[in-house]
>>> print(open('query-v9.cif').read())   # mmCIF, C-alpha atoms
data_structure
loop_
_atom_site.label_atom_id
_atom_site.label_comp_id
_atom_site.auth_asym_id
_atom_site.auth_seq_id
_atom_site.Cartn_x
_atom_site.Cartn_y
_atom_site.Cartn_z
CA MET A 10 0.00 0.00 0.00
CA ASN A 11 1.28 3.47 -0.86
CA VAL A 12 1.98 5.90 1.97
CA ASN A 13 1.66 9.43 0.59
CA VAL A 14 3.35 11.94 2.89
CA ILE A 15 2.22 15.53 2.25
CA LEU A 16 4.91 18.07 3.12
CA PHE A 17 5.04 21.88 3.16
CA SER A 18 7.56 24.50 4.20
CA GLN A 19 8.33 24.47 7.94
CA PHE A 20 6.79 21.07 8.65
CA GLU A 21 7.89 19.39 11.89
CA THR A 22 10.54 16.78 11.10
CA LEU A 23 9.55 14.16 13.69
CA ASP A 24 5.85 14.55 12.79
CA ALA A 25 6.68 13.11 9.39
CA PHE A 26 9.66 10.87 10.05
CA GLY A 27 8.46 9.24 13.27
CA PRO A 28 5.57 7.58 11.40
CA VAL A 29 7.77 7.05 8.32
CA GLU A 30 10.32 5.15 10.44
CA VAL A 31 7.57 2.93 11.84
CA LEU A 32 5.79 2.26 8.53
CA GLY A 33 9.15 1.70 6.87
CA ARG A 34 9.65 -1.31 9.13
CA LEU A 35 6.96 -3.09 7.11
CA LYS A 36 8.59 -2.74 3.70
CA GLU A 37 6.62 -5.63 2.28
CA ARG A 38 3.37 -3.80 3.04
CA TYR A 39 4.08 -0.09 2.63
CA THR A 40 5.81 2.04 -0.02
CA ILE A 41 6.57 5.58 1.10
CA GLU A 42 6.61 8.65 -1.18
CA PHE A 43 6.86 12.36 -0.38
CA TYR A 44 4.72 15.04 -2.02
CA SER A 45 4.21 18.79 -1.83
CA GLU A 46 2.05 21.33 -3.60
CA GLN A 47 4.65 22.17 -6.24
CA GLY A 48 6.79 19.05 -6.06
CA ALA A 49 9.99 20.89 -5.14
CA ILE A 50 12.53 20.51 -2.34
CA VAL A 51 10.72 21.24 0.92
CA THR A 52 12.53 22.35 4.08
CA SER A 53 11.38 21.38 7.57
CA ALA A 54 11.42 23.61 10.65
CA GLN A 55 14.71 21.91 11.57
CA ASN A 56 16.22 22.69 8.13
CA VAL A 57 15.91 19.13 6.78
CA LYS A 58 15.49 19.29 3.01
CA ILE A 59 13.30 16.67 1.32
CA GLU A 60 12.78 16.12 -2.40
CA THR A 61 9.08 15.79 -3.19
CA ARG A 62 6.76 15.04 -6.09
CA PRO A 63 3.74 17.21 -7.05
CA LEU A 64 0.48 16.49 -5.23
CA GLN A 65 -1.35 15.81 -8.49
CA GLU A 66 0.73 12.64 -8.91
CA ILE A 67 -0.86 10.99 -5.87
CA GLN A 68 -3.02 8.08 -7.01
CA PRO A 69 -6.38 7.29 -5.35
CA GLY A 70 -6.30 4.91 -2.40
CA GLY A 71 -3.46 4.20 -0.02
CA ILE A 72 -2.57 6.10 3.13
CA VAL A 73 -2.20 9.86 3.46
CA LEU A 74 0.09 11.20 6.20
CA ILE A 75 -0.14 14.90 7.09
CA PRO A 76 2.42 16.22 9.60
CA GLY A 77 2.11 19.46 11.54
CA GLY A 78 4.59 22.18 12.32
CA GLN A 79 4.88 25.96 12.20
CA GLY A 80 4.07 25.89 8.50
CA THR A 81 0.47 24.93 9.24
CA ARG A 82 -0.12 28.45 10.60
CA THR A 83 0.07 29.84 7.07
CA GLU A 84 -0.99 26.76 5.08
CA VAL A 85 -4.47 26.69 6.68
CA ASP A 86 -5.16 29.73 4.47
CA ASN A 87 -3.71 28.14 1.32
CA LYS A 88 -6.96 27.32 -0.47
CA LYS A 89 -5.26 25.42 -3.27
CA LEU A 90 -3.44 23.13 -0.82
CA ILE A 91 -6.57 22.59 1.30
CA GLN A 92 -8.60 21.68 -1.80
CA ALA A 93 -5.88 19.21 -2.85
CA ILE A 94 -5.77 17.65 0.63
CA LYS A 95 -9.55 17.26 0.53
CA ARG A 96 -9.47 15.56 -2.89
CA ILE A 97 -6.62 13.25 -1.93
CA SER A 98 -8.06 12.40 1.49
CA GLU A 99 -11.51 11.62 0.11
CA ALA A 100 -9.93 9.06 -2.23
CA ALA A 101 -7.57 7.59 0.39
CA GLU A 102 -8.19 4.42 2.36
CA TYR A 103 -6.75 5.98 5.51
CA VAL A 104 -5.70 9.48 6.56
CA LEU A 105 -3.22 10.00 9.42
CA THR A 106 -2.48 13.43 10.88
CA VAL A 107 0.18 14.32 13.41
CA CYS A 108 0.16 17.36 15.68
CA THR A 109 -1.27 20.45 13.92
CA GLY A 110 -1.58 18.50 10.67
CA SER A 111 -5.15 17.96 11.87
CA ALA A 112 -5.75 21.70 11.37
CA LEU A 113 -5.15 21.28 7.64
CA LEU A 114 -7.49 18.30 7.45
CA ALA A 115 -10.09 20.11 9.57
CA ARG A 116 -10.07 23.00 7.09
CA THR A 117 -11.20 20.60 4.33
CA GLY A 118 -14.44 19.88 6.22
CA LEU A 119 -13.80 16.12 6.18
CA LEU A 120 -13.57 15.99 9.99
CA LYS A 121 -16.96 17.64 10.52
CA GLY A 122 -18.82 15.69 13.19
CA LYS A 123 -15.84 13.39 13.76
CA ASP A 124 -13.58 12.86 16.77
CA ALA A 125 -10.02 14.14 16.46
CA THR A 126 -7.12 15.45 18.53
CA THR A 127 -4.01 17.55 18.08
CA ASN A 128 -1.01 19.10 19.81
CA LYS A 129 -2.02 20.23 23.30
CA ILE A 130 0.05 23.42 23.21
CA ALA A 131 -1.67 24.51 19.98
CA PHE A 132 -5.05 22.98 20.86
CA GLN A 133 -7.06 26.21 20.99
CA TRP A 134 -5.71 27.44 17.65
CA VAL A 135 -6.46 24.13 15.95
CA MET A 136 -10.00 24.07 17.35
CA GLU A 137 -10.61 27.46 15.76
CA GLN A 138 -9.91 26.03 12.31
CA ASN A 139 -13.16 24.04 12.45
CA LYS A 140 -15.44 24.13 15.48
CA GLU A 141 -17.68 21.39 14.02
CA VAL A 142 -15.02 18.77 14.79
CA HIS A 143 -15.36 16.88 18.08
CA TRP A 144 -11.93 17.84 19.41
CA ARG A 145 -10.76 15.51 22.18
CA LYS A 146 -8.15 17.12 24.38
CA LYS A 147 -7.34 14.09 26.54
CA ALA A 148 -6.10 11.66 23.90
CA ARG A 149 -2.70 10.48 22.72
CA TRP A 150 -4.35 9.62 19.42
CA VAL A 151 -7.88 9.20 18.09
CA ARG A 152 -9.40 7.01 15.41
CA ASP A 153 -12.72 7.84 13.77
CA GLY A 154 -13.35 5.58 10.79
CA LYS A 155 -10.52 5.98 8.30
CA PHE A 156 -9.20 9.09 10.05
CA TYR A 157 -6.44 8.88 12.65
CA SER A 158 -5.15 11.97 14.46
CA SER A 159 -2.48 12.29 17.10
CA SER A 160 -1.36 14.75 19.71
CA GLY A 161 1.98 16.55 19.40
CA VAL A 162 5.10 15.40 17.60
CA SER A 163 6.19 12.11 19.25
CA ALA A 164 2.55 11.04 19.61
CA GLY A 165 2.61 10.35 15.88
CA ILE A 166 4.81 7.32 16.58
CA ASP A 167 2.30 5.92 19.09
CA MET A 168 -0.56 6.55 16.65
CA THR A 169 1.27 4.85 13.78
CA LEU A 170 2.02 1.82 15.92
CA GLY A 171 -1.67 1.81 16.82
CA PHE A 172 -2.52 1.97 13.12
CA ILE A 173 -0.23 -0.98 12.40
CA SER A 174 -1.81 -2.90 15.27
CA ASP A 175 -5.28 -2.23 13.83
CA GLN A 176 -4.32 -3.19 10.29
CA ASN A 177 -1.66 -5.87 10.71
CA GLY A 178 -2.01 -7.15 14.27
CA LYS A 179 -0.55 -6.21 17.63
CA GLU A 180 2.47 -8.49 17.15
CA GLU A 181 3.59 -6.49 14.09
CA ALA A 182 3.28 -3.24 16.02
CA GLU A 183 5.24 -4.64 18.96
CA ARG A 184 7.94 -5.94 16.61
CA ALA A 185 8.30 -2.50 15.01
CA SER A 186 8.52 -0.79 18.41
CA ARG A 187 11.24 -3.24 19.52
CA GLU A 188 13.23 -2.70 16.33
CA ILE A 189 13.35 1.05 16.89
CA GLU A 190 13.85 0.58 20.66
CA TYR A 191 10.79 2.68 21.40
CA ILE A 192 8.51 2.32 24.43
CA TRP A 193 5.09 2.29 22.79
CA ASN A 194 2.24 3.98 24.64
CA ARG A 195 -0.42 1.43 23.67
CA ASP A 196 -3.28 3.29 25.36
CA SER A 197 -4.66 5.98 23.05
CA GLU A 198 -6.35 7.68 26.01
CA ASN A 199 -3.21 7.78 28.16
CA ASP A 200 -2.15 11.36 27.44
CA PRO A 201 0.46 12.62 29.92
CA PHE A 202 0.60 16.04 28.24
CA CYS A 203 -3.09 16.86 28.48
CA GLY A 204 -2.47 19.30 31.35
CA THR A 205 -0.11 21.43 29.22
CA ASP A 206 -1.40 24.98 28.96
CA ASP A 207 -2.17 26.45 25.56
#
>>> encode(input="query-v9.cif", output="structure tokens")
Amino acid sequence: MNVNVILFSQFETLDAFGPVEVLGRLKERYTIEFYSEQGAIVTSAQNVKIETRPLQEIQPGGIVLIPGGQGTRTEVDNKKLIQAIKRISEAAEYVLTVCTGSALLARTGLLKGKDATTNKIAFQWVMEQNKEVHWRKKARWVRDGKFYSSSGVSAGIDMTLGFISDQNGKEEAERASREIEYIWNRDSENDPFCGTDD
């Protein structure tokens, strides 16, 4: 299955590459590609430069991964990008957002009436992007149908392991967490950062 990672300027590096590291452990199941609006080299908030393909090359189906980061603050007003995310996400089998990546998906309207979460520090700002989403503050990650959303940054790793557990079995998720020597928070409602002020 294709994993289509949508990047933009000033994305958060771990938001994207935490899940990519996990999904990349199942090479026989997942093929990872990176895309952006124009298909150019995109630079993360930590100055990591990634070569990407244009969004229009994404084929229907597969998994969409949308990271967060400082860039979401401006990209929520990029109508062309939001329209593309909506089109791609409607045709995807699954959509995973990390951190403030849920703000971009919320802007498409696809999360209307659905449960979702996001970075606790930016929670109020993300809520303002679409108040018709059922935003859950106390959650490490949330699944509602084909949509998965996680709290901030490292929570994307827990969510992706949860996704693998749902799709491929708990043993596969545990194997991936052992291989990366990561202590997986298996409880999606165990959110130790929920008390963080906005």
>>> atom_distance(input="query-v9.cif", atom1="atom CA of Arg34 of chain A", atom2="atom CA of Thr106 of chain A")
19.2 Å
>>> residues_around(input="query-v9.cif", residues="Gly204 of chain A", least_positions_apart="2", cutoff="9 Å", atoms="only C-alpha atoms", output="ChimeraX atom specification")
/A:129,147,200-202,206
>>> resolve_selection(input="query-v9.cif", expression="the PyMOL selection byres ((chain A and resi 89) around 12)", output="short mmCIF file (atom, residue, chain, number, x, y, z; two decimals) with C-alpha atoms, in the coordinates of the input")
data_model
loop_
_atom_site.label_atom_id
_atom_site.label_comp_id
_atom_site.auth_asym_id
_atom_site.auth_seq_id
_atom_site.Cartn_x
_atom_site.Cartn_y
_atom_site.Cartn_z
CA SER A 45 4.21 18.79 -1.83
CA GLU A 46 2.05 21.33 -3.60
CA GLN A 47 4.65 22.17 -6.24
CA LEU A 64 0.48 16.49 -5.23
CA GLN A 65 -1.35 15.81 -8.49
CA GLU A 84 -0.99 26.76 5.08
CA VAL A 85 -4.47 26.69 6.68
CA ASP A 86 -5.16 29.73 4.47
CA ASN A 87 -3.71 28.14 1.32
CA LYS A 88 -6.96 27.32 -0.47
CA LEU A 90 -3.44 23.13 -0.82
CA ILE A 91 -6.57 22.59 1.30
CA GLN A 92 -8.60 21.68 -1.80
CA ALA A 93 -5.88 19.21 -2.85
CA ILE A 94 -5.77 17.65 0.63
CA LYS A 95 -9.55 17.26 0.53
CA ARG A 96 -9.47 15.56 -2.89
CA LEU A 113 -5.15 21.28 7.64
CA ARG A 116 -10.07 23.00 7.09
CA THR A 117 -11.20 20.60 4.33
#
>>> closest_residue(input="query-v9.cif", among="A:Ser18, A:Ser158, A:Ser197, A:Gln55", to="Lys123 of chain A", atoms="all atoms listed in the file")
A:Ser158
>>> resolve_selection(input="query-v9.cif", expression="the PyMOL selection byres ((chain A and resi 130) around 12)", output="JSON, numbers by chain")
{"A": [78, 108, 109, 126, 127, 128, 129, 131, 132, 133, 134, 135, 136, 146, 160, 161, 162, 202, 203, 204, 205, 206, 207]}
>>> residues_around(input="query-v9.cif", residues="Tyr103 of chain A", least_positions_apart="3", cutoff="7 Å", atoms="only C-alpha atoms", output="list in words")
Gly71, Ile72, Val73, Lys155 and Phe156 of chain A
>>> residues_around(input="query-v9.cif", residues="Arg184 of chain A", least_positions_apart="5", cutoff="12 Å", atoms="only C-alpha atoms", output="list in words")
Val31, Leu32, Arg34, Leu35, Leu170, Ile173, Ser174, Asn177, Gly178, Lys179, Ile189, Glu190, Tyr191, Ile192 and Trp193 of chain A
>>> write_last_selection(input="query-v9.cif", atoms="C-alpha atoms", output="JSON list (two decimals), in the coordinates of the input")
[["chain", "number", "residue", "atom", "x", "y", "z"],
["A", 31, "VAL", "CA", 7.57, 2.93, 11.84],
["A", 32, "LEU", "CA", 5.79, 2.26, 8.53],
["A", 34, "ARG", "CA", 9.65, -1.31, 9.13],
["A", 35, "LEU", "CA", 6.96, -3.09, 7.11],
["A", 170, "LEU", "CA", 2.02, 1.82, 15.92],
["A", 173, "ILE", "CA", -0.23, -0.98, 12.40],
["A", 174, "SER", "CA", -1.81, -2.90, 15.27],
["A", 177, "ASN", "CA", -1.66, -5.87, 10.71],
["A", 178, "GLY", "CA", -2.01, -7.15, 14.27],
["A", 179, "LYS", "CA", -0.55, -6.21, 17.63],
["A", 189, "ILE", "CA", 13.35, 1.05, 16.89],
["A", 190, "GLU", "CA", 13.85, 0.58, 20.66],
["A", 191, "TYR", "CA", 10.79, 2.68, 21.40],
["A", 192, "ILE", "CA", 8.51, 2.32, 24.43],
["A", 193, "TRP", "CA", 5.09, 2.29, 22.79]]
>>> closest_residue(input="query-v9.cif", among="A:Lys36, A:Arg62, A:Val107, A:Gln138", to="Thr83 of chain A", atoms="only C-alpha atoms")
A:Gln138
>>> closest_residue(input="query-v9.cif", among="A:Ala101, A:Val29, A:His143, A:Ala49", to="Ala185 of chain A", atoms="only C-alpha atoms")
A:Val29
>>> resolve_selection(input="query-v9.cif", expression="the PyMOL selection byres ((chain A and resi 59) around 12)", output="VMD selection string")
chain A and resid 14 to 20 22 25 to 26 42 to 45 48 to 58 60 to 62
>>> atom_distance(input="query-v9.cif", atom1="atom CA of Val151 of chain A", atom2="atom CA of Arg82 of chain A")
22.1 Å
>>> closest_residue(input="query-v9.cif", among="A:Gly33, A:Glu99, A:Asp153, A:Glu21", to="Thr81 of chain A", atoms="only C-alpha atoms")
A:Glu21
>>> atom_distance(input="query-v9.cif", atom1="atom CA of Ile75 of chain A", atom2="atom CA of Ile41 of chain A")
13.0 Å
>>> closest_residue(input="query-v9.cif", among="A:Ser186, A:Asn199, A:Ser111, A:Thr169", to="Pro76 of chain A", atoms="all atoms listed in the file")
A:Ser111
>>> closest_residue(input="query-v9.cif", among="A:Glu141, A:Leu105, A:Leu23, A:Trp150", to="Lys121 of chain A", atoms="only C-alpha atoms")
A:Glu141
